[in-house]
Amino acid sequence: MKRFALLLDQLAYESQRNEKIRLLTTHFQEVPDPDRGYALAALTGTLDIAHAKPALLRGLIEERVDPVLFRMSYDYVGDMAETISLLWPDGDGDDAGLSLSEMITALNATSKAHMPARIANWLSALDTTGRWALIKLMTGGLRIGVSARLAKTAVAKLGALKINDIEEVWTGLEPPYESLFAWAEGAGAKPAIDRAAPFRPVMLAHPLDEKDQEKLEASDFLAEWKWDGIRVQAAGDGDTKRLYSRTGEDISHSFPDVLDAIQFEGAIDGELLIVREGTVAPFADLQKRLNRKRVTGALMESHPAGIIAYDLLLDGAHDLRPLPFEERRRRLEGWYQRNASDRFMLSTLVPFDTWDDLAAQRTAPADTGIEGLMLKRRDSIYEPGRPKGPWFKWKRDPYLIDAVLMRAQRGHGKRSSYYSDYTFGVWDDGVLVPVGKAYFGFTDEELKKIDKFVRERTVDRYGPVREVVHEPDDGLVLEVAFEGLNESTRHKSGVAMRFPRISQLRWDKPPHEADTIETLRALLPKS
Amino acid sequence: MVHPSEILRPTDAGLYCPPGDFYVDPVRAVDRAVITHGHGDHARAGHSHVLATQETLAIMAERYGEDFAGNVQPAALNETISHNGVDISLHPAGHVLGSAQAAITYKGCRLVVSGDYKRRADATCARFEPVACDVFITEATFGLPVFRHPDDADEIAKLLQSLKTFPDRPHLVGAYALGKAQRVLTLIRAAGYDDPIYYHGAVAKLNALYQRHGIDLGTLIPVAEVEPETLNGKIIIAPPSALSDRWSRRTENPVTAFASGWMRVRARARQRGVSLPLIISDHADWDELTTTIEELHPEEVWVTHGREDALVHWAHSKGMNAQPLSIVGYDDDADE
C-alpha cells in the first residue's frame, strides 16, 4: 500500500505528461504482480473495491477530532480524503505492511458491520499519504490527472507494444492483468480475447496539409463528410451487443436505445450523434447523453441517439479489415440495405473529379453538424492507429473572430512562469463581454510577447488572475479561431465556443474594431 | 489588580501599551516601537525609537538602510528594561535570527507577546523559551489541526532523494528570503550535502548577514555568475516569488520545490506549481501552539494573526479564557 500511495502522491504533484508516464512505467517495472495490476485497475477505473460512504468516514473522524475543528479544517482544505488523512491521529493499528492487493482482498471480504472498525484500524496504521490514498480508493474517483489511456500508454512502454495493441485486448481482460504485463514485458503471449463482441482498435486520419495535396491523385481517393459527434464502434456477436468509444471504453450503458437497434452480427465504425427525424442535432445535445451511468426514458425520447456508419469491420464472422476501403464500402452499402433504421444511417460519399471540385463542396457542407471532409484511399486497409498516408481529414476552415484580451492567468507545468490562459471578449452594446478562453494556438515567441503585454498592462488582480487593459483604443486584439458555436446558459454572453484557440495577434488593430456579439450569434445553429 | 486590557490593546497602528506609550510590532510608523523580529510585516521602517534585539536591528538596517529609525536601543535577551513603570524584556522565540517574544509587566501583571515563534530546534536562532505570564498573546498562522509539520530532516531527505532521481534537473527551492532560506541551507548541510548551493540575488544580503553572525551556510554561488548548464542536478535557493516568475526560465526543466508550512495542503502546493513540496515552517504548528498554551496555562489567551477561530474554539473547549484579537496589517504569510 505504501508503494501505491507514494505513486499517487507523486502523480498528483506532477504536471508533465511524460514525467507521469515515466513514474507509472517505473512503478509497473518495480512492483510485482498482482499489486501492479491492482494499481493499474485503480488508475483505469476497473478496480472492484468495497466503497466507503463519506458519512461513514466523517463519523470515524468525528469520534477522534472535535467536529467543529474538523469542519473548519475541511472548509480550509476542501477535500474530504485529504482533510481526514491530515487530521487522523497517528496510532499503531495493525497490518501497516499490507500490500495493495492484500488490502483490497481483505476489504472486499469485510462485512458491512465490521467495515468502520477495519477502516479505522488501517487509517491508524498508515501514514498521512497512505491514509489519503486509501480514502481516495474507497470513495471512488482518484482525480489525480491520469487518464486510463495514459496508464495504458505506460504499460505499453514496458516493452515494444503500442497503445493500440493494449486497447485491442483491454476489454477482454480483468484485474490484476497478469497476462497483459507478461505480454508487455515480452515474457508471455498476447492475451487471447475470449470476450464476445470485443473492441477493435480504431483507424484515425491525419490532418490534410494542403501542400501535400498537390502530390496526391484525386482519383485514388473517396471522400465523405466528417460529422461532429463522437467516433464509436457498434458490435453484435450472438446475444452480445456493445458500443465502444474510440479508445475502447464500453459505453453501452449510456446508449441502450442504440444497443437495442444492433440487430446484426459484426462490427461497424461510425459517428454517434443525436438525430431527430433524420436531422442531426448540435454537439451540445449529444453532450447531455455522454458519461451517464444510467439514462432515463425521457432523455432518450428527447435526445435520441443514432449512428452514421462509416465502415464495416466485421461482417458476420468475416474480418473485413484486410480488404481495401472501396471493397469494404461496397459491403457496407450491402449491410445498410439490411440494417437501415432510425438508428443507423449510411455516410454518403461526396462525388468529385478534381481537388478543386472537392474544395468547392467543402466550403458549403450540407449540414451544420459537418466539420469537414474525410479523404480515404480506395485501396486503404483498416489499419489501427494513425498511419500516415491512407486517410486524411480536411476540416472546414475554422470560424474566425477578432476579440479583445480581457484577463490572463498563469499556465501549468512548463508554462507556470507565463501568463498563458486567456479570457477574451467581444463588444456588446459598447461593453466587452467575455466569450471564451484559449490557452494555445500561439508560438513560443508570441507567448513571450503576450506574457510581456500582460505583465506591463495589468490593471487589476484577483488571486492568480490578472485583468489587462481593454479600452476601445487601448488593448490587445486576438484573432480567435474556433470550430463551432453553441448556445450556453452558463456563460454570460449566452454562447460557448468549441475548440477556441489563438490564431493571430493583431497588434495593429485597435480594440474598438473587434467583433460584436451579434456577429457571433449569427453563427449559432438554427434550432 | 490592573486589567490586562489597560496594559496592551489593539489599535489601528498595532498593539499599544498606554502606560508605557509604545507599540509592539506596529504596522505603521510610530514614536516608540518594540519589534519582535525582522520580517517586513512586523518590522517597518520610520519609527522614531525602536527597541529590539541586536540581530533584529541589524536585519532592519540591512533591509531598510542604516537610517531606518530615529534611534535604536538594542536589548539583550532576558534583560529587563524599565520604561514609565513598565518592565519590558525580550525572550527567544525560535522563529528567525534575532526573533524574540516581548514580555510586558506592569503593576504585577505580565503579558507575553509571542511574535512569530516555533518550538523545534533551528541552527540559525536561539530556541523558544516559555515565559510564565498572565496573558499569552499567541500567533495562529497555522492554527488549524491539519497543520502538523513533520520532522524537517525527513523533508530535506525528500529533496536529496529527488536530486538522485533527477540528477540532470536543477532543483529550484523556494524559501522566504529572511530566515527560511538560511535555515534550509543549514539543514541541507546538516544532511551531509557539501556541493555548492546556488542562490537568487534576493537572498544574497541576508545570507551574508547570517554568515556574519557565525552561521555556517557552506559554499554559496550566485546563479547569475554561472552558465545555466552548471545548475543541472544542483540546488538553487530563491525567494518563493521567483519560482513562477520570469527569472525561473533561466533554468531548464527544473524540479520546483517550496519550503513552507503551507505545503502540507495539496491545493496550496498545486496553486504554486510546486512538484516537490517541503513542509518546513518557521511557525509553530497546531501541536506546538496548543502544547505551548497548555504549558504556560495563562489566565487568558489572546489570539492574533492567522486562524484565530479554531485556536480560540480549542482553548474554550479546554475551559480556558481565550479571545481573538483583531490586528490588521499582518500578512497571512503566504510565502512562509
# chains A, B, ... in the order shown; residues from 1 in each chain; ligands from 1
>>> interface_residues(of="chain B", to="chain A", cutoff="9 Å", atoms="only C-alpha atoms", output="PyMOL selection string")
chain B and resi 144-148+242-249+253-254+264-277+309-311+313-314
>>> residues_around(residues="A:Gln213", least_positions_apart="5", cutoff="10 Å", atoms="only C-alpha atoms", output="ChimeraX atom specification")
/A:208,218,355,392
>>> write_last_selection(atoms="all heavy atoms", output="PDB file, in the first residue's frame")
ATOM      1  N   LEU A 208      -5.105  17.066 -43.303  1.00  0.00           N
ATOM      2  CA  LEU A 208      -4.571  17.232 -44.653  1.00  0.00           C
ATOM      3  C   LEU A 208      -3.744  18.512 -44.715  1.00  0.00           C
ATOM      4  O   LEU A 208      -4.229  19.590 -44.370  1.00  0.00           O
ATOM      5  CB  LEU A 208      -5.717  17.314 -45.661  1.00  0.00           C
ATOM      6  CG  LEU A 208      -5.279  17.473 -47.120  1.00  0.00           C
ATOM      7  CD1 LEU A 208      -4.606  16.210 -47.627  1.00  0.00           C
ATOM      8  CD2 LEU A 208      -6.461  17.829 -48.001  1.00  0.00           C
ATOM      9  N   ALA A 218      -6.305  12.678 -57.117  1.00  0.00           N
ATOM     10  CA  ALA A 218      -7.703  12.727 -56.677  1.00  0.00           C
ATOM     11  C   ALA A 218      -8.419  11.406 -56.941  1.00  0.00           C
ATOM     12  O   ALA A 218      -9.239  10.959 -56.135  1.00  0.00           O
ATOM     13  CB  ALA A 218      -8.427  13.876 -57.372  1.00  0.00           C
ATOM     14  N   TRP A 355      -9.521  17.980 -57.119  1.00  0.00           N
ATOM     15  CA  TRP A 355      -9.431  18.555 -55.780  1.00  0.00           C
ATOM     16  C   TRP A 355     -10.173  19.888 -55.710  1.00  0.00           C
ATOM     17  O   TRP A 355     -10.799  20.201 -54.706  1.00  0.00           O
ATOM     18  CB  TRP A 355      -7.979  18.748 -55.352  1.00  0.00           C
ATOM     19  CG  TRP A 355      -7.200  17.475 -55.099  1.00  0.00           C
ATOM     20  CD1 TRP A 355      -5.967  17.173 -55.569  1.00  0.00           C
ATOM     21  CD2 TRP A 355      -7.598  16.349 -54.294  1.00  0.00           C
ATOM     22  NE1 TRP A 355      -5.556  15.930 -55.120  1.00  0.00           N
ATOM     23  CE2 TRP A 355      -6.544  15.403 -54.339  1.00  0.00           C
ATOM     24  CE3 TRP A 355      -8.742  16.042 -53.556  1.00  0.00           C
ATOM     25  CZ2 TRP A 355      -6.606  14.179 -53.669  1.00  0.00           C
ATOM     26  CZ3 TRP A 355      -8.797  14.822 -52.884  1.00  0.00           C
ATOM     27  CH2 TRP A 355      -7.742  13.906 -52.947  1.00  0.00           C
ATOM     28  N   PHE A 392      -7.050  11.046 -44.673  1.00  0.00           N
ATOM     29  CA  PHE A 392      -6.850  12.445 -44.274  1.00  0.00           C
ATOM     30  C   PHE A 392      -8.161  13.057 -43.834  1.00  0.00           C
ATOM     31  O   PHE A 392      -9.212  12.751 -44.381  1.00  0.00           O
ATOM     32  CB  PHE A 392      -6.313  13.262 -45.455  1.00  0.00           C
ATOM     33  CG  PHE A 392      -4.961  12.828 -45.918  1.00  0.00           C
ATOM     34  CD1 PHE A 392      -4.831  11.962 -47.011  1.00  0.00           C
ATOM     35  CD2 PHE A 392      -3.822  13.258 -45.265  1.00  0.00           C
ATOM     36  CE1 PHE A 392      -3.578  11.549 -47.424  1.00  0.00           C
ATOM     37  CE2 PHE A 392      -2.565  12.844 -45.681  1.00  0.00           C
ATOM     38  CZ  PHE A 392      -2.440  11.985 -46.774  1.00  0.00           C
TER      39      PHE A 392
END
>>> residues_around(residues="A:Asp353", least_positions_apart="3", cutoff="8 Å", atoms="only C-alpha atoms", output="list in words")
Ala218, Ser219, Asp357 and Leu358 of chain A
>>> write_last_selection(atoms="C-alpha atoms", output="CSV table (one decimal), in the first residue's frame")
chain,number,residue,atom,x,y,z
A,218,ALA,CA,-7.7,12.7,-56.7
A,219,SER,CA,-8.8,9.5,-58.4
A,357,ASP,CA,-14.2,20.3,-57.3
A,358,LEU,CA,-14.0,18.9,-53.8
>>> residues_around(residues="A:Leu150", least_positions_apart="5", cutoff="10 Å", atoms="only C-alpha atoms", output="PDB file with N, CA and C atoms, in the first residue's frame")
ATOM      1  N   ARG A  17       3.117  15.426 -18.719  1.00  0.00           N
ATOM      2  CA  ARG A  17       2.624  14.127 -19.181  1.00  0.00           C
ATOM      3  C   ARG A  17       3.743  13.093 -19.245  1.00  0.00           C
ATOM      4  N   ASN A  18       4.876  13.463 -19.830  1.00  0.00           N
ATOM      5  CA  ASN A  18       5.961  12.494 -19.984  1.00  0.00           C
ATOM      6  C   ASN A  18       6.512  12.024 -18.642  1.00  0.00           C
ATOM      7  N   LYS A  20       4.771  11.869 -15.920  1.00  0.00           N
ATOM      8  CA  LYS A  20       3.756  10.979 -15.350  1.00  0.00           C
ATOM      9  C   LYS A  20       3.914   9.571 -15.906  1.00  0.00           C
ATOM     10  N   ILE A  21       4.116   9.489 -17.231  1.00  0.00           N
ATOM     11  CA  ILE A  21       4.281   8.171 -17.851  1.00  0.00           C
ATOM     12  C   ILE A  21       5.510   7.488 -17.266  1.00  0.00           C
ATOM     13  N   LEU A  24       4.769   6.083 -13.904  1.00  0.00           N
ATOM     14  CA  LEU A  24       3.914   4.900 -13.994  1.00  0.00           C
ATOM     15  C   LEU A  24       4.701   3.690 -14.491  1.00  0.00           C
ATOM     16  N   LEU A  43      -6.194   2.996 -11.502  1.00  0.00           N
ATOM     17  CA  LEU A  43      -5.955   4.160 -12.361  1.00  0.00           C
ATOM     18  C   LEU A  43      -6.863   4.164 -13.585  1.00  0.00           C
ATOM     19  N   THR A  44      -7.339   2.988 -14.005  1.00  0.00           N
ATOM     20  CA  THR A  44      -8.181   2.927 -15.195  1.00  0.00           C
ATOM     21  C   THR A  44      -9.653   2.776 -14.848  1.00  0.00           C
ATOM     22  N   GLY A 145      -5.350  13.435 -12.294  1.00  0.00           N
ATOM     23  CA  GLY A 145      -4.853  13.872 -13.593  1.00  0.00           C
ATOM     24  C   GLY A 145      -4.201  12.765 -14.405  1.00  0.00           C
ATOM     25  N   VAL A 155       1.942   1.157 -19.634  1.00  0.00           N
ATOM     26  CA  VAL A 155       2.099  -0.303 -19.727  1.00  0.00           C
ATOM     27  C   VAL A 155       2.787  -0.652 -21.047  1.00  0.00           C
ATOM     28  N   ALA A 156       2.337  -0.019 -22.126  1.00  0.00           N
ATOM     29  CA  ALA A 156       2.921  -0.300 -23.442  1.00  0.00           C
ATOM     30  C   ALA A 156       4.426  -0.034 -23.424  1.00  0.00           C
ATOM     31  N   ILE A 163       0.079   1.624 -27.768  1.00  0.00           N
ATOM     32  CA  ILE A 163      -1.150   1.805 -27.010  1.00  0.00           C
ATOM     33  C   ILE A 163      -2.320   1.066 -27.677  1.00  0.00           C
TER      34      ILE A 163
END
>>> residues_around(residues="stretch 169-179 of chain A", least_positions_apart="2", cutoff="8 Å", atoms="only C-alpha atoms", output="list in words")
Asp33, Pro34, Asp35, Arg36, Gly37, Tyr38, Leu40, Ala41, Thr46, Leu47, Asp165, Ile166, Glu167, Phe181, Ala182, Trp183, Gly188, Ala189, Lys190, Pro191, Ala192, Ile193, Asp194, Arg195, Pro198, Phe199, Gly248, Glu249 and Asp250 of chain A
>>> write_last_selection(atoms="N, CA and C atoms", output="PDB file, in the first residue's frame")
ATOM      1  N   ASP A  33       3.504  -8.540  -9.690  1.00  0.00           N
ATOM      2  CA  ASP A  33       2.099  -8.970  -9.726  1.00  0.00           C
ATOM      3  C   ASP A  33       1.736  -9.469  -8.340  1.00  0.00           C
ATOM      4  N   PRO A  34       0.500  -9.407  -7.896  1.00  0.00           N
ATOM      5  CA  PRO A  34      -0.608  -8.768  -8.581  1.00  0.00           C
ATOM      6  C   PRO A  34      -0.766  -7.285  -8.235  1.00  0.00           C
ATOM      7  N   ASP A  35       0.155  -6.756  -7.396  1.00  0.00           N
ATOM      8  CA  ASP A  35      -0.019  -5.381  -6.915  1.00  0.00           C
ATOM      9  C   ASP A  35      -0.050  -4.360  -8.046  1.00  0.00           C
ATOM     10  N   ARG A  36       0.845  -4.536  -9.014  1.00  0.00           N
ATOM     11  CA  ARG A  36       0.872  -3.543 -10.093  1.00  0.00           C
ATOM     12  C   ARG A  36      -0.421  -3.585 -10.901  1.00  0.00           C
ATOM     13  N   GLY A  37      -1.004  -4.782 -10.983  1.00  0.00           N
ATOM     14  CA  GLY A  37      -2.263  -4.927 -11.719  1.00  0.00           C
ATOM     15  C   GLY A  37      -3.410  -4.215 -11.024  1.00  0.00           C
ATOM     16  N   TYR A  38      -3.419  -4.289  -9.693  1.00  0.00           N
ATOM     17  CA  TYR A  38      -4.471  -3.566  -8.970  1.00  0.00           C
ATOM     18  C   TYR A  38      -4.244  -2.060  -9.055  1.00  0.00           C
ATOM     19  N   LEU A  40      -2.968  -0.594 -11.665  1.00  0.00           N
ATOM     20  CA  LEU A  40      -3.470  -0.257 -12.999  1.00  0.00           C
ATOM     21  C   LEU A  40      -4.992  -0.193 -13.003  1.00  0.00           C
ATOM     22  N   ALA A  41      -5.614  -1.135 -12.302  1.00  0.00           N
ATOM     23  CA  ALA A  41      -7.076  -1.146 -12.228  1.00  0.00           C
ATOM     24  C   ALA A  41      -7.591   0.124 -11.553  1.00  0.00           C
ATOM     25  N   THR A  46     -11.190   0.316 -13.219  1.00  0.00           N
ATOM     26  CA  THR A  46     -11.763  -1.021 -13.309  1.00  0.00           C
ATOM     27  C   THR A  46     -11.633  -1.788 -11.996  1.00  0.00           C
ATOM     28  N   LEU A  47     -11.216  -1.097 -10.949  1.00  0.00           N
ATOM     29  CA  LEU A  47     -10.989  -1.771  -9.671  1.00  0.00           C
ATOM     30  C   LEU A  47     -12.312  -2.036  -8.968  1.00  0.00           C
ATOM     31  N   ASP A 165      -2.237  -1.720 -29.312  1.00  0.00           N
ATOM     32  CA  ASP A 165      -2.160  -3.145 -29.010  1.00  0.00           C
ATOM     33  C   ASP A 165      -2.849  -3.426 -27.688  1.00  0.00           C
ATOM     34  N   ILE A 166      -2.586  -2.542 -26.724  1.00  0.00           N
ATOM     35  CA  ILE A 166      -3.186  -2.712 -25.401  1.00  0.00           C
ATOM     36  C   ILE A 166      -4.703  -2.560 -25.509  1.00  0.00           C
ATOM     37  N   GLU A 167      -5.128  -1.544 -26.239  1.00  0.00           N
ATOM     38  CA  GLU A 167      -6.571  -1.287 -26.289  1.00  0.00           C
ATOM     39  C   GLU A 167      -7.324  -2.415 -26.996  1.00  0.00           C
ATOM     40  N   PHE A 181       0.679  -7.750 -18.448  1.00  0.00           N
ATOM     41  CA  PHE A 181       2.042  -7.334 -18.083  1.00  0.00           C
ATOM     42  C   PHE A 181       3.076  -8.287 -18.669  1.00  0.00           C
ATOM     43  N   ALA A 182       2.759  -9.598 -18.616  1.00  0.00           N
ATOM     44  CA  ALA A 182       3.703 -10.582 -19.145  1.00  0.00           C
ATOM     45  C   ALA A 182       3.923 -10.328 -20.642  1.00  0.00           C
ATOM     46  N   TRP A 183       2.827 -10.056 -21.348  1.00  0.00           N
ATOM     47  CA  TRP A 183       2.924  -9.789 -22.790  1.00  0.00           C
ATOM     48  C   TRP A 183       3.726  -8.508 -23.045  1.00  0.00           C
ATOM     49  N   GLY A 188       5.431 -13.215 -22.225  1.00  0.00           N
ATOM     50  CA  GLY A 188       4.248 -14.052 -22.409  1.00  0.00           C
ATOM     51  C   GLY A 188       3.614 -13.754 -23.752  1.00  0.00           C
ATOM     52  N   ALA A 189       2.668 -14.607 -24.131  1.00  0.00           N
ATOM     53  CA  ALA A 189       1.992 -14.429 -25.425  1.00  0.00           C
ATOM     54  C   ALA A 189       0.927 -13.349 -25.318  1.00  0.00           C
ATOM     55  N   LYS A 190       0.485 -12.872 -26.455  1.00  0.00           N
ATOM     56  CA  LYS A 190      -0.615 -11.918 -26.490  1.00  0.00           C
ATOM     57  C   LYS A 190      -1.837 -12.565 -25.835  1.00  0.00           C
ATOM     58  N   PRO A 191      -2.473 -11.876 -24.891  1.00  0.00           N
ATOM     59  CA  PRO A 191      -3.618 -12.486 -24.213  1.00  0.00           C
ATOM     60  C   PRO A 191      -4.728 -12.793 -25.225  1.00  0.00           C
ATOM     61  N   ALA A 192      -5.296 -13.976 -25.106  1.00  0.00           N
ATOM     62  CA  ALA A 192      -6.380 -14.352 -26.011  1.00  0.00           C
ATOM     63  C   ALA A 192      -7.635 -13.569 -25.634  1.00  0.00           C
ATOM     64  N   ILE A 193      -8.354 -13.128 -26.653  1.00  0.00           N
ATOM     65  CA  ILE A 193      -9.586 -12.399 -26.380  1.00  0.00           C
ATOM     66  C   ILE A 193     -10.718 -13.406 -26.394  1.00  0.00           C
ATOM     67  N   ASP A 194     -11.258 -13.707 -25.234  1.00  0.00           N
ATOM     68  CA  ASP A 194     -12.352 -14.673 -25.244  1.00  0.00           C
ATOM     69  C   ASP A 194     -13.642 -13.992 -24.818  1.00  0.00           C
ATOM     70  N   ARG A 195     -13.739 -12.720 -25.196  1.00  0.00           N
ATOM     71  CA  ARG A 195     -14.928 -11.977 -24.848  1.00  0.00           C
ATOM     72  C   ARG A 195     -15.743 -11.823 -26.127  1.00  0.00           C
ATOM     73  N   PRO A 198     -15.641  -8.136 -29.003  1.00  0.00           N
ATOM     74  CA  PRO A 198     -14.544  -7.334 -28.460  1.00  0.00           C
ATOM     75  C   PRO A 198     -14.342  -6.044 -29.260  1.00  0.00           C
ATOM     76  N   PHE A 199     -13.600  -5.135 -28.652  1.00  0.00           N
ATOM     77  CA  PHE A 199     -13.274  -3.863 -29.306  1.00  0.00           C
ATOM     78  C   PHE A 199     -12.165  -4.088 -30.325  1.00  0.00           C
ATOM     79  N   GLY A 248     -11.935   2.443 -26.837  1.00  0.00           N
ATOM     80  CA  GLY A 248     -12.238   1.096 -26.392  1.00  0.00           C
ATOM     81  C   GLY A 248     -13.016   1.040 -25.098  1.00  0.00           C
ATOM     82  N   GLU A 249     -13.463   2.177 -24.624  1.00  0.00           N
ATOM     83  CA  GLU A 249     -14.271   2.192 -23.418  1.00  0.00           C
ATOM     84  C   GLU A 249     -15.676   1.715 -23.789  1.00  0.00           C
ATOM     85  N   ASP A 250     -16.193   0.813 -22.972  1.00  0.00           N
ATOM     86  CA  ASP A 250     -17.523   0.280 -23.244  1.00  0.00           C
ATOM     87  C   ASP A 250     -18.558   1.297 -22.759  1.00  0.00           C
TER      88      ASP A 250
END
>>> select_by_dssp(residues="stretch 99-160 of chain B", states="strand (DSSP E or B)", output="list in words")
Ala100, Gln101, Ala102, Ala103, Ile104, Thr105, Tyr106, Cys109, Arg110, Leu111, Val112, Val113, Val135, Phe136, Ile137, Thr138, Glu139 and Ala140 of chain B
>>> residues_around(residues="B:Arg120", least_positions_apart="5", cutoff="12 Å", atoms="only C-alpha atoms", output="list in words")
Ala93, Gly94, His95, Val96, Cys125, Ala126, Arg127, Phe128, Glu129, His149, Pro150, Asp151, Asp152, Ala153, Ile280, Ser281, Asp282, His283, Ala284, Asp285, Asp287, Glu288, Leu289 and Thr292 of chain B
>>> closest_residue(among="B:Leu160, B:Ala224, B:Cys17, B:Ala140", to="B:Ala103", atoms="only C-alpha atoms")
B:Cys17
>>> select_by_dssp(residues="stretch 96-293 of chain B", states="helix (DSSP H, G or I)", output="JSON, numbers by chain")
{"B": [152, 153, 154, 155, 156, 157, 158, 159, 160, 161, 162, 163, 164, 165, 180, 181, 182, 183, 184, 185, 186, 187, 188, 189, 190, 201, 202, 203, 204, 205, 206, 207, 208, 209, 210, 211, 212, 223, 224, 225, 228, 229, 230, 231, 240, 241, 242, 243, 246, 247, 248, 249, 250, 261, 262, 263, 264, 266, 267, 268, 269, 270, 271, 286, 287, 288, 289, 290, 291, 292, 293]}
